[in-house]
$ cat query-v7.csv   # CSV, C-alpha atoms and all ligand atoms
chain,number,residue,atom,x,y,z
A,1,MET,CA,145.2,182.0,149.0
A,2,ALA,CA,143.1,180.0,146.5
A,3,GLU,CA,143.9,176.3,146.5
A,4,LYS,CA,145.9,175.1,143.4
A,5,ARG,CA,143.6,173.1,141.1
A,6,PHE,CA,145.5,170.0,140.3
A,7,GLY,CA,143.0,167.7,138.6
A,8,VAL,CA,139.3,166.8,138.4
A,9,ILE,CA,138.2,163.2,138.3
A,10,GLY,CA,134.7,162.4,137.3
A,11,TYR,CA,133.3,159.2,138.8
A,12,ALA,CA,130.5,157.1,137.3
A,13,LEU,CA,129.6,154.3,139.7
A,14,ALA,CA,126.5,152.3,140.6
A,15,PRO,CA,124.8,153.6,143.7
A,16,LYS,CA,126.1,150.7,145.9
A,17,LYS,CA,129.6,151.3,144.8
A,18,GLN,CA,129.3,155.0,145.1
A,19,ASN,CA,128.1,154.6,148.7
A,20,SER,CA,131.0,152.4,149.7
A,21,PHE,CA,133.8,154.1,147.8
A,22,ILE,CA,133.0,157.8,147.8
A,23,ARG,CA,133.5,158.6,151.5
A,24,ASP,CA,134.0,162.1,153.0
A,25,SER,CA,137.4,160.9,154.2
A,26,LEU,CA,138.5,160.2,150.6
A,27,LEU,CA,137.0,163.4,149.2
A,28,THR,CA,138.7,165.5,151.9
A,29,LEU,CA,142.1,163.9,151.6
A,30,ALA,CA,142.0,164.0,147.8
A,31,LYS,CA,141.0,167.7,147.9
A,32,SER,CA,143.8,168.5,150.3
A,33,ARG,CA,146.1,167.3,147.6
A,34,GLY,CA,144.5,169.1,144.8
A,35,ILE,CA,142.2,166.4,143.4
A,36,GLU,CA,138.6,167.0,143.1
A,37,LEU,CA,136.2,164.1,142.7
A,38,VAL,CA,133.0,165.0,140.9
A,39,ARG,CA,130.0,162.7,140.4
A,40,VAL,CA,129.0,162.1,136.7
A,41,ASP,CA,125.4,162.9,136.2
A,42,SER,CA,123.7,159.8,134.7
A,43,ASN,CA,121.0,162.0,133.2
A,44,VAL,CA,123.3,164.0,131.1
A,45,SER,CA,125.6,162.5,128.4
A,46,LEU,CA,129.2,162.2,129.6
A,47,ALA,CA,130.6,164.2,126.7
A,48,ASP,CA,128.5,167.2,127.8
A,49,GLN,CA,130.1,167.1,131.3
A,50,GLY,CA,133.4,168.1,132.8
A,51,PRO,CA,136.0,169.2,132.2
A,52,PHE,CA,137.5,166.0,133.7
A,53,ASP,CA,141.1,165.1,133.5
A,54,CYS,CA,140.1,161.5,134.2
A,55,VAL,CA,136.9,159.4,134.3
A,56,LEU,CA,136.8,156.7,136.9
A,57,HIS,CA,134.0,154.2,136.1
A,58,LYS,CA,132.4,150.9,136.8
A,59,LEU,CA,129.3,150.8,134.6
A,60,TYR,CA,128.3,148.4,131.9
A,61,GLY,CA,126.5,148.3,128.6
A,62,ASP,CA,126.9,149.5,125.0
A,63,ASP,CA,125.4,152.9,125.7
A,64,TRP,CA,128.0,153.6,128.4
A,65,LYS,CA,130.8,152.4,126.1
A,66,ARG,CA,129.6,154.8,123.4
A,67,GLN,CA,129.5,157.7,125.9
A,68,LEU,CA,133.1,157.0,126.9
A,69,GLN,CA,134.1,156.9,123.3
A,70,ASP,CA,132.4,160.2,122.6
A,71,PHE,CA,133.9,161.7,125.6
A,72,LYS,CA,137.4,160.5,124.6
A,73,THR,CA,137.0,161.9,121.1
A,74,LYS,CA,136.1,165.3,122.5
A,75,ASN,CA,138.8,165.1,125.3
A,76,PRO,CA,141.7,163.2,123.8
A,77,ASN,CA,144.0,164.0,126.7
A,78,ALA,CA,141.6,162.7,129.4
A,79,VAL,CA,142.3,159.3,131.0
A,80,ILE,CA,139.6,156.7,131.1
A,81,LEU,CA,140.1,154.4,134.1
A,82,ASP,CA,140.1,151.8,132.8
A,83,ALA,CA,139.5,151.1,129.1
A,84,PRO,CA,136.1,149.2,128.7
A,85,GLU,CA,137.7,146.7,126.2
A,86,ALA,CA,140.2,145.8,128.9
A,87,ILE,CA,137.6,145.5,131.6
A,88,GLU,CA,135.4,143.2,129.4
A,89,ARG,CA,137.9,140.4,129.7
A,90,LEU,CA,136.9,140.0,133.3
A,91,HIS,CA,133.2,139.5,132.4
A,92,ASN,CA,133.9,136.0,131.4
A,93,ARG,CA,135.4,133.5,133.8
A,94,ILE,CA,137.4,131.7,131.1
A,95,SER,CA,139.0,134.8,129.5
A,96,MET,CA,139.5,136.2,133.0
A,97,LEU,CA,141.9,133.4,134.0
A,98,GLN,CA,143.5,132.8,130.6
A,99,VAL,CA,145.8,135.7,131.2
A,100,VAL,CA,147.1,133.9,134.4
A,101,SER,CA,148.0,130.8,132.4
A,102,GLU,CA,150.1,133.0,130.1
A,103,LEU,CA,151.9,134.7,132.8
A,104,ARG,CA,155.6,133.9,133.8
A,105,VAL,CA,157.2,134.7,137.1
A,106,ASP,CA,160.8,133.6,137.3
A,107,ASP,CA,163.3,132.8,140.1
A,108,ARG,CA,160.8,131.9,142.8
A,109,THR,CA,160.3,128.8,144.9
A,110,GLU,CA,156.6,129.4,144.8
A,111,THR,CA,154.6,128.5,141.8
A,112,PHE,CA,151.1,129.6,140.6
A,113,GLY,CA,148.4,128.7,138.2
A,114,ILE,CA,144.7,128.2,138.0
A,115,PRO,CA,142.6,125.2,139.1
A,116,LYS,CA,141.6,122.7,136.4
A,117,GLN,CA,138.4,123.9,134.8
A,118,ILE,CA,136.1,123.4,131.8
A,119,VAL,CA,133.3,125.4,130.3
A,120,ILE,CA,129.9,124.0,129.5
A,121,TYR,CA,127.6,125.9,127.2
A,122,ASP,CA,124.5,123.6,127.0
A,123,LYS,CA,122.4,121.1,128.9
A,124,GLU,CA,123.2,118.2,126.5
A,125,THR,CA,126.9,118.4,127.2
A,126,LEU,CA,126.2,118.7,130.9
A,127,SER,CA,124.1,115.6,131.0
A,128,ASP,CA,126.2,113.4,128.7
A,129,GLY,CA,128.9,113.4,131.4
A,130,GLN,CA,131.9,113.1,129.0
A,131,ALA,CA,133.1,116.6,129.3
A,132,SER,CA,133.3,116.5,133.1
A,133,GLU,CA,135.0,113.0,133.1
A,134,SER,CA,138.4,114.6,133.3
A,135,LEU,CA,137.6,116.5,136.5
A,136,LYS,CA,138.1,115.4,140.0
A,137,PHE,CA,135.1,116.0,142.3
A,138,PRO,CA,134.0,118.0,144.2
A,139,VAL,CA,133.9,120.9,141.7
A,140,ILE,CA,132.6,124.4,141.9
A,141,ALA,CA,130.1,125.4,139.3
A,142,LYS,CA,130.4,129.1,138.5
A,143,PRO,CA,128.3,131.2,136.0
A,144,LEU,CA,130.4,131.8,132.9
A,145,VAL,CA,129.4,135.4,132.9
A,146,ALA,CA,130.8,137.6,135.7
A,147,ASP,CA,129.0,140.9,135.0
A,148,GLY,CA,128.4,142.0,138.5
A,149,SER,CA,124.8,140.8,138.8
A,150,ALA,CA,123.7,138.9,141.9
A,151,LYS,CA,123.2,135.9,139.5
A,152,SER,CA,126.8,136.0,138.4
A,153,HIS,CA,128.0,135.3,142.0
A,154,LYS,CA,125.7,132.3,142.5
A,155,MET,CA,128.0,129.3,142.9
A,156,ALA,CA,127.5,125.6,143.8
A,157,LEU,CA,129.8,123.0,145.3
A,158,VAL,CA,129.0,119.8,143.4
A,159,PHE,CA,129.9,116.5,144.8
A,160,SER,CA,129.0,114.1,142.0
A,161,HIS,CA,128.5,113.8,138.3
A,162,GLY,CA,124.9,113.0,138.9
A,163,ALA,CA,124.2,116.4,140.4
A,164,LEU,CA,125.4,118.3,137.4
A,165,ASN,CA,122.0,118.2,135.7
A,166,LYS,CA,120.7,120.6,138.4
A,167,LEU,CA,122.9,123.3,137.0
A,168,LYS,CA,122.0,125.9,134.4
A,169,PRO,CA,124.7,126.4,131.6
A,170,PRO,CA,126.6,128.3,130.5
A,171,ILE,CA,128.8,127.4,133.4
A,172,VAL,CA,132.4,126.9,134.4
A,173,LEU,CA,133.2,123.7,136.3
A,174,GLN,CA,136.3,124.2,138.4
A,175,GLU,CA,138.0,121.6,140.6
A,176,PHE,CA,137.6,122.5,144.3
A,177,VAL,CA,141.0,122.8,145.9
A,178,ASN,CA,141.5,122.4,149.6
A,179,HIS,CA,143.2,125.5,150.9
A,180,GLY,CA,142.7,125.7,154.7
A,181,GLY,CA,139.6,127.8,154.6
A,182,VAL,CA,141.5,131.1,154.0
A,183,ILE,CA,141.6,133.1,150.8
A,184,PHE,CA,144.0,135.9,150.0
A,185,LYS,CA,142.6,138.9,148.3
A,186,VAL,CA,145.1,141.0,146.5
A,187,TYR,CA,144.1,144.6,145.9
A,188,VAL,CA,145.9,146.4,143.0
A,189,VAL,CA,145.8,150.2,142.6
A,190,GLY,CA,148.3,151.0,139.9
A,191,GLU,CA,151.6,150.0,141.3
A,192,HIS,CA,150.2,149.6,144.8
A,193,VAL,CA,149.6,146.0,145.9
A,194,ARG,CA,148.0,144.9,149.1
A,195,CYS,CA,147.2,141.4,150.2
A,196,VAL,CA,144.6,140.6,152.9
A,197,LYS,CA,143.1,137.4,154.3
A,198,ARG,CA,139.5,136.5,154.3
A,199,LYS,CA,137.3,133.6,155.2
A,200,SER,CA,136.7,131.0,152.5
A,201,LEU,CA,135.0,127.7,152.0
A,202,PRO,CA,136.2,125.1,154.5
A,203,ASP,CA,138.3,122.1,153.3
A,204,VAL,CA,136.4,119.1,152.0
A,205,SER,CA,137.8,115.7,153.1
A,206,GLU,CA,137.2,112.5,151.2
A,207,GLU,CA,135.1,111.2,154.1
A,208,LYS,CA,133.1,114.5,154.2
A,209,ALA,CA,132.5,114.3,150.4
A,210,LEU,CA,131.2,110.8,150.7
A,211,GLY,CA,129.1,111.6,153.7
A,212,VAL,CA,127.2,114.7,152.4
A,213,SER,CA,123.5,114.2,152.3
A,214,GLU,CA,123.1,116.8,149.5
A,215,ASP,CA,125.1,116.3,146.3
A,216,LEU,CA,125.1,120.0,145.6
A,217,LEU,CA,125.5,123.0,147.9
A,218,SER,CA,124.7,126.5,146.7
A,219,PHE,CA,126.5,129.6,148.0
A,220,SER,CA,127.2,133.2,147.1
A,221,GLN,CA,130.0,135.6,148.0
A,222,VAL,CA,131.4,133.7,151.0
A,223,SER,CA,134.3,136.1,151.4
A,224,ASN,CA,132.1,139.1,151.4
A,225,LEU,CA,129.3,138.1,153.7
A,226,ALA,CA,128.7,141.4,155.4
A,227,ASN,CA,128.9,144.9,154.1
A,228,ARG,CA,129.9,148.0,155.9
A,229,ASP,CA,126.4,149.4,155.9
A,230,SER,CA,125.2,146.7,158.2
A,231,VAL,CA,128.1,147.0,160.7
A,232,ASP,CA,128.3,150.2,162.8
A,233,ASP,CA,131.6,149.7,164.3
A,234,GLU,CA,134.4,149.9,161.6
A,235,ASP,CA,136.9,148.1,163.8
A,236,LYS,CA,134.6,145.2,164.2
A,237,TYR,CA,134.1,145.1,160.5
A,238,TYR,CA,137.8,144.9,159.8
A,239,GLN,CA,138.2,142.3,162.5
A,240,MET,CA,135.5,140.2,160.8
A,241,MET,CA,136.7,140.6,157.3
A,242,ASN,CA,140.5,140.3,157.9
A,243,PHE,CA,139.8,137.9,160.7
A,244,ASP,CA,142.8,137.2,162.9
A,245,ASP,CA,144.0,133.7,162.4
A,246,THR,CA,147.5,132.2,162.2
A,247,THR,CA,147.6,131.6,158.4
A,248,GLU,CA,150.7,133.1,156.9
A,249,LEU,CA,150.3,135.5,154.0
A,250,PRO,CA,152.1,134.5,150.7
A,251,PRO,CA,155.5,136.2,150.2
A,252,GLN,CA,154.8,139.9,149.3
A,253,ALA,CA,157.4,139.9,146.5
A,254,PHE,CA,155.8,136.9,144.9
A,255,ILE,CA,152.3,138.5,145.0
A,256,VAL,CA,153.7,141.8,143.7
A,257,ASP,CA,155.3,139.9,140.7
A,258,ILE,CA,152.0,138.3,139.8
A,259,ALA,CA,150.1,141.6,140.3
A,260,SER,CA,152.4,143.5,138.1
A,261,GLY,CA,152.3,140.8,135.5
A,262,LEU,CA,148.6,140.8,135.5
A,263,ARG,CA,148.4,144.6,135.4
A,264,ARG,CA,150.6,144.8,132.3
A,265,ALA,CA,149.0,141.9,130.5
A,266,MET,CA,145.4,143.1,131.2
A,267,LYS,CA,146.2,146.8,130.9
A,268,LEU,CA,144.1,147.4,134.0
A,269,ASN,CA,145.0,149.6,137.0
A,270,LEU,CA,142.1,148.9,139.3
A,271,PHE,CA,141.4,145.3,140.2
A,272,ASN,CA,141.8,142.6,142.8
A,273,PHE,CA,142.4,138.9,142.5
A,274,ASP,CA,141.6,135.9,144.8
A,275,VAL,CA,144.4,133.5,145.6
A,276,ILE,CA,144.3,130.2,147.5
A,277,ARG,CA,147.3,128.1,148.7
A,278,ASP,CA,146.9,124.5,147.6
A,279,SER,CA,147.0,122.4,150.8
A,280,ARG,CA,148.6,119.5,148.9
A,281,HIS,CA,151.6,121.5,147.9
A,282,GLY,CA,152.4,124.4,150.3
A,283,ASN,CA,154.3,126.4,147.7
A,284,ARG,CA,151.6,126.2,145.0
A,285,TYR,CA,149.1,129.1,144.7
A,286,LEU,CA,146.0,129.2,142.5
A,287,ILE,CA,144.3,132.3,141.2
A,288,ILE,CA,140.5,131.7,141.1
A,289,ASP,CA,138.9,135.1,140.4
A,290,ILE,CA,139.7,138.6,139.2
A,291,ASN,CA,137.4,141.5,139.8
A,292,TYR,CA,137.4,145.0,138.3
A,293,PHE,CA,137.2,147.9,140.7
A,294,PRO,CA,136.6,145.8,143.9
A,295,GLY,CA,135.6,147.0,147.3
A,296,TYR,CA,138.6,149.2,148.0
A,297,ALA,CA,137.0,150.9,151.0
A,298,LYS,CA,137.4,147.5,152.8
A,299,MET,CA,141.2,148.1,152.6
A,300,PRO,CA,142.3,150.0,155.7
A,301,GLY,CA,143.8,153.3,154.6
A,302,TYR,CA,142.3,153.1,151.2
A,303,GLU,CA,142.0,156.9,151.1
A,304,THR,CA,145.8,157.4,151.0
A,305,VAL,CA,146.4,154.6,148.5
A,306,LEU,CA,143.8,156.0,146.1
A,307,THR,CA,144.8,159.6,146.5
A,308,ASP,CA,148.5,158.7,145.9
A,309,PHE,CA,147.4,156.9,142.8
A,310,PHE,CA,145.3,159.9,141.5
A,311,CYS,CA,148.1,162.3,142.1
A,312,ASP,CA,150.6,160.1,140.2
A,313,LEU,CA,148.1,159.7,137.5
A,314,MET,CA,147.8,163.5,137.2
A,315,ASN,CA,151.6,163.7,137.0
A,316,ASN,CA,151.4,161.0,134.3
A,317,LYS,CA,153.8,158.9,136.3
A,318,GLN,CA,152.0,155.8,137.5
A,319,VAL,CA,149.7,154.6,134.8
A,320,ASP,CA,152.1,152.3,133.1
A,321,GLU,CA,149.9,151.5,130.2
A,322,ASN,CA,147.8,154.4,129.5
A,323,VAL,CA,146.7,153.3,126.0
A,324,GLU,CA,146.0,156.0,123.5
A,325,GLU,CA,145.1,155.4,119.9
A,326,GLU,CA,147.4,157.1,117.4
A,327,GLY,CA,146.1,156.0,114.0
A,328,ASN,CA,146.7,152.2,113.9
A,329,VAL,CA,149.6,152.3,116.3
A,330,THR,CA,149.0,152.3,120.1
A,331,LYS,CA,151.0,154.6,122.2
A,332,ILE,CA,151.9,153.3,125.6
A,333,VAL,CA,152.9,155.8,128.2
A,334,THR,CA,155.4,154.1,130.5
A,335,GLY,CA,156.1,154.6,134.1
A,336,ASP,CA,159.2,156.7,133.5
A,337,GLY,CA,157.4,158.9,131.0
A,338,GLY,CA,159.1,157.2,128.0
A,339,GLU,CA,157.1,155.7,125.2
A,340,GLU,CA,156.9,152.2,123.7
A,341,LYS,CA,155.1,151.3,120.5
A,342,ASP,CA,152.9,148.2,120.6
A,343,GLU,CA,150.8,147.1,117.7
A,344,SER,CA,149.3,144.1,119.5
A,345,VAL,CA,146.5,146.0,121.4
B,401,LIG,N1,138.6,126.3,142.9
B,401,LIG,C1,138.2,126.6,144.1
B,401,LIG,N2,138.6,125.8,145.1
B,401,LIG,C2,138.3,126.1,146.4
B,401,LIG,N3,137.5,127.2,146.7
B,401,LIG,C3,137.0,128.0,145.7
B,401,LIG,C4,137.4,127.7,144.4
B,401,LIG,N4,136.8,128.7,143.6
B,401,LIG,C5,136.1,129.4,144.4
B,401,LIG,N5,136.2,129.1,145.7
B,401,LIG,C6,135.6,129.7,146.9
B,401,LIG,O1,134.3,130.2,146.4
B,401,LIG,C7,134.4,131.7,146.6
B,401,LIG,C8,133.7,132.3,145.4
B,401,LIG,O2,134.3,132.1,144.2
B,401,LIG,P1,134.7,133.3,143.2
B,401,LIG,O3,135.7,134.1,143.9
B,401,LIG,O4,135.2,132.6,142.0
B,401,LIG,O5,133.3,134.0,143.1
B,401,LIG,P2,132.9,135.5,142.9
B,401,LIG,O6,131.4,135.5,143.1
B,401,LIG,O7,133.4,136.0,141.6
B,401,LIG,O8,133.6,136.2,144.1
B,401,LIG,P3,133.8,137.8,144.3
B,401,LIG,O9,132.8,138.2,145.3
B,401,LIG,O10,135.2,137.9,144.9
B,401,LIG,O11,133.7,138.5,143.0
B,401,LIG,C9,135.8,132.0,146.8
B,401,LIG,O12,136.0,133.2,147.5
B,401,LIG,C10,136.4,130.8,147.5
B,401,LIG,O13,136.0,130.8,148.9
B,402,LIG,O1,130.7,144.9,147.4
B,402,LIG,P1,132.0,145.7,147.3
B,402,LIG,O2,131.9,147.1,146.9
B,402,LIG,O3,132.8,145.6,148.6
B,402,LIG,O4,133.0,145.0,146.2
B,402,LIG,C1,132.7,143.7,145.6
B,402,LIG,C2,132.2,144.1,144.2
B,402,LIG,O5,130.9,144.6,144.4
B,402,LIG,P2,130.4,145.9,143.6
B,402,LIG,O6,129.3,145.4,142.8
B,402,LIG,O7,130.0,146.9,144.7
B,402,LIG,O8,131.5,146.5,142.8
B,402,LIG,C3,132.1,142.9,143.3
B,402,LIG,O9,131.9,143.3,142.1
B,402,LIG,P3,131.0,142.6,141.0
B,402,LIG,O10,131.8,141.3,140.6
B,402,LIG,O11,129.7,142.3,141.6
B,402,LIG,O12,131.0,143.6,139.9
B,402,LIG,C4,133.4,142.0,143.4
B,402,LIG,O13,134.4,142.8,142.8
B,402,LIG,C5,133.8,141.7,144.8
B,402,LIG,O14,135.0,141.0,144.7
B,402,LIG,C6,134.0,142.9,145.6
B,402,LIG,O15,134.3,142.6,146.9
B,402,LIG,P4,135.8,142.3,147.4
B,402,LIG,O16,136.4,141.4,146.4
B,402,LIG,O17,136.5,143.6,147.5
B,402,LIG,O18,135.6,141.7,148.7
B,403,MG,MG,136.1,136.1,144.4
B,404,MG,MG,134.5,137.7,141.2
$ encode --input "query-v7.csv" --output "C-alpha cells" --more "lines below"
Ligand SMILES: Nc1ncnc2c1ncn2[C@@H]1O[C@H](COP(=O)(O)OP(=O)(O)OP(=O)(O)O)[C@@H](O)[C@H]1O
Ligand SMILES: O=P(O)(O)O[C@H]1[C@H](OP(=O)(O)O)[C@@H](OP(=O)(O)O)[C@@H](O)[C@@H](O)[C@@H]1OP(=O)(O)O
Ligand SMILES: [Mg+2]
Ligand SMILES: [Mg+2]
Amino acid sequence: MAEKRFGVIGYALAPKKQNSFIRDSLLTLAKSRGIELVRVDSNVSLADQGPFDCVLHKLYGDDWKRQLQDFKTKNPNAVILDAPEAIERLHNRISMLQVVSELRVDDRTETFGIPKQIVIYDKETLSDGQASESLKFPVIAKPLVADGSAKSHKMALVFSHGALNKLKPPIVLQEFVNHGGVIFKVYVVGEHVRCVKRKSLPDVSEEKALGVSEDLLSFSQVSNLANRDSVDDEDKYYQMMNFDDTTELPPQAFIVDIASGLRRAMKLNLFNFDVIRDSRHGNRYLIIDINYFPGYAKMPGYETVLTDFFCDLMNNKQVDENVEEEGNVTKIVTGDGGEEKDESV
C-alpha cells in the first residue's frame, strides 16, 4: 500500500548546518511518520520549487527575504519557519536581549534578567572612557552584530578600562558574571524545551583579575569547541559536550516559563538561549545569548523532537503564533486552533 503523504518540508540551510542537521536518522523517522524533507535548490528561485507545506530555513540577506516573500505570495497557506523579520531581532546583541528584560515570570523563587551591558558604536566613545565608567570589570566585549559569521562569535574578556582601545566597535560591553564555569543551553522546538549543561568560561576571582599579565583575552565559541565531524564516537561527543559534573540544572518549570515567554514574545519556534547562574545569588539566572536554529543535532534524540514538531505543525496544532497577514490585521493561529487578533505585529 502506498504511504500516506502527510506533508513536505523544504529546507534551505548553509552547507555546515545541512550536514549536521539533515541526518539519515532524521529523514527516516520523519518519513515513517509521513513527513518528507526536501532540499531547496539554491540555484532555482524558491517560488519555482515545491510544492512545500513548510519552508525551514537559516539563510540571510535581502535576496533570500525576497524569495521567501514571493514564495509566500504564491503559496499563502505554506508556513515559513520562522518569519525573517522575527529572526532579525537576534542579529543584534542589544535587541536580542531586550525581549528578556520585558519578560515577566510570576510566582517563582528564582529570578532572571540579563547582565549589565552597554553598546559602543565608535572608537571615540570607547577611548573617552565615560561610557564604560558604570561597568564593573572584567567585561566581555561582544560584536554587536550576531549574523552567524565567524567574526560575530569573536569575544574578548577585558580586565581594565585601558584595554578597551584594542577593541573594534560596534561592540557590546557586558559585565562578566561568575557562574561556576557551567552554562545551561536551553533548546526550544515549538513547545518542546530541553536544557543541557556545557562548559563555559571559568570564574574570575579578584586576585586572578589583578594578577593577569594580559589585560585582554580573546576567545570564540567556548561552549562549542568541537563539532561532531571531528569526533567519530558519538557517545564521546555527548560526554564531552554535556560533560558529567555535579552542577544542578535550573528547575525545569522555571526554564519552561522563560522559554514559552520568549517564544511568544519573539514569535519564533526554533531557537536556543544560554543561561548562567549568578554565583553571588544562587537563585538568580542571567540570559546572555539567544541563537536562531542552533545545533539541534547535539541534542540526544533530536530526531524525535523535530519529527513530533513537524507532525504537529502539519496538523496546525503546535505553532502558537503562526503569523499570517490579513490586510492590516495579523491573524495568530493559537495552539488550540482558535484565533486571536493582534495589531501590534
Ligand atoms: N556576561 C557573561 N558572563 C560570564 N560569561 C559569559 C558572559 N557572556 C558570555 N559568557 C561566556 O562566553 C561564551 C560566549 O558568549 P555568547 O554566548 O554571548 O557568544 P556566541 O558566540 O553568541 O555563542 P554561541 O556559540 O552560543 O552563539 C558563553 O558561552 C559563556 O561561556
Ligand atoms: O554549529 P552548530 O550547528 O552546532 O550550531 C551553532 C550555530 O552554528 P550554525 O552556523 O551551524 O547554525 C550557531 O549559529 P550562528 O550564531 O553561527 O548563526 C549558534 O547558534 C550556536 O549557538 C550553535 O551551537 P549550539 O548553541 O547549539 O551549541
Ligand atoms: Mg552562546
Ligand atoms: Mg550566539
$ residues_near_ligand --input "query-v7.csv" --ligand "ligand LIG 402 (chain B)" --cutoff "8 Å" --atoms "only C-alpha atoms and all ligand atoms" --output "JSON, numbers by chain"
{"A": [14, 16, 17, 20, 21, 58, 146, 147, 148, 149, 150, 152, 153, 185, 187, 221, 223, 224, 227, 271, 272, 273, 274, 290, 291, 292, 293, 294, 295, 296, 297, 298]}
$ closest_residue --input "query-v7.csv" --among "A:Thr304, A:Gln49, A:Ser160, A:Gln67" --to "Leu29 of chain A" --atoms "all atoms listed in the file"
A:Thr304
$ residues_around --input "query-v7.csv" --residues "Leu97 of chain A" --least-positions-apart "6" --cutoff "8 Å" --atoms "only C-alpha atoms" --output "ChimeraX atom specification"
/A:114,287-290
$ closest_residue --input "query-v7.csv" --among "A:Lys72, A:His161, A:Lys151, A:Arg39" --to "ligand MG 404 (chain B)" --atoms "all atoms listed in the file"
A:Lys151
$ atom_distance --input "query-v7.csv" --atom1 "atom CA of Ile183 of chain A" --atom2 "atom CA of Ala265 of chain A"
23.3 Å
$ residues_around --input "query-v7.csv" --residues "Pro51 of chain A" --least-positions-apart "5" --cutoff "9 Å" --atoms "all atoms listed in the file" --output "PDB file with C-alpha atoms, keeping the file's coordinate frame"
ATOM      1  CA  VAL A   8     139.300 166.800 138.400  1.00  0.00           C
ATOM      2  CA  ILE A   9     138.200 163.200 138.300  1.00  0.00           C
ATOM      3  CA  GLY A  10     134.700 162.400 137.300  1.00  0.00           C
ATOM      4  CA  ASN A  75     138.800 165.100 125.300  1.00  0.00           C
TER       5      ASN A  75
END
$ closest_residue --input "query-v7.csv" --among "A:Asn178, A:Ser200, A:Gln69, A:Thr247" --to "ligand MG 403 (chain B)" --atoms "all atoms listed in the file"
A:Ser200
$ closest_residue --input "query-v7.csv" --among "A:Val139, A:Ile118, A:Met96, A:Leu262" --to "ligand MG 403 (chain B)" --atoms "all atoms listed in the file"
A:Met96
$ atom_distance --input "query-v7.csv" --atom1 "atom C9 of ligand LIG 401 (chain B)" --atom2 "atom CA of Glu248 of chain A"
18.0 Å
$ residues_near_point --input "query-v7.csv" --point "(144.4, 122.8, 159.8)" --cutoff "9 Å" --atoms "only C-alpha atoms" --output "list in words"
Gly180, Gly181 and Asp203 of chain A
$ write_last_selection --input "query-v7.csv" --atoms "C-alpha atoms" --output "mmCIF file, in the frame of the given file"
data_model
loop_
_atom_site.group_PDB
_atom_site.id
_atom_site.type_symbol
_atom_site.label_atom_id
_atom_site.label_comp_id
_atom_site.auth_asym_id
_atom_site.auth_seq_id
_atom_site.Cartn_x
_atom_site.Cartn_y
_atom_site.Cartn_z
ATOM 1 C CA GLY A 180 142.700 125.700 154.700
ATOM 2 C CA GLY A 181 139.600 127.800 154.600
ATOM 3 C CA ASP A 203 138.300 122.100 153.300
#
$ atom_distance --input "query-v7.csv" --atom1 "atom CA of Ile255 of chain A" --atom2 "atom CA of Arg108 of chain A"
11.0 Å
$ closest_residue --input "query-v7.csv" --among "A:Leu103, A:Val189, A:Leu90, A:Val44" --to "ligand MG 404 (chain B)" --atoms "all atoms listed in the file"
A:Leu90
$ residues_around --input "query-v7.csv" --residues "Thr28 of chain A" --least-positions-apart "5" --cutoff "12 Å" --atoms "only C-alpha atoms" --output "MDAnalysis selection string"
chainID A and resid 22:23 33:37 303:304 307
$ write_last_selection --input "query-v7.csv" --atoms "C-alpha atoms" --output "JSON list (two decimals), keeping the file's coordinate frame"
[["chain", "number", "residue", "atom", "x", "y", "z"],
["A", 22, "ILE", "CA", 133.00, 157.80, 147.80],
["A", 23, "ARG", "CA", 133.50, 158.60, 151.50],
["A", 33, "ARG", "CA", 146.10, 167.30, 147.60],
["A", 34, "GLY", "CA", 144.50, 169.10, 144.80],
["A", 35, "ILE", "CA", 142.20, 166.40, 143.40],
["A", 36, "GLU", "CA", 138.60, 167.00, 143.10],
["A", 37, "LEU", "CA", 136.20, 164.10, 142.70],
["A", 303, "GLU", "CA", 142.00, 156.90, 151.10],
["A", 304, "THR", "CA", 145.80, 157.40, 151.00],
["A", 307, "THR", "CA", 144.80, 159.60, 146.50]]
$ closest_residue --input "query-v7.csv" --among "A:Gly129, A:Pro15, A:Gly61, A:Pro202" --to "ligand LIG 401 (chain B)" --atoms "all atoms listed in the file"
A:Pro202
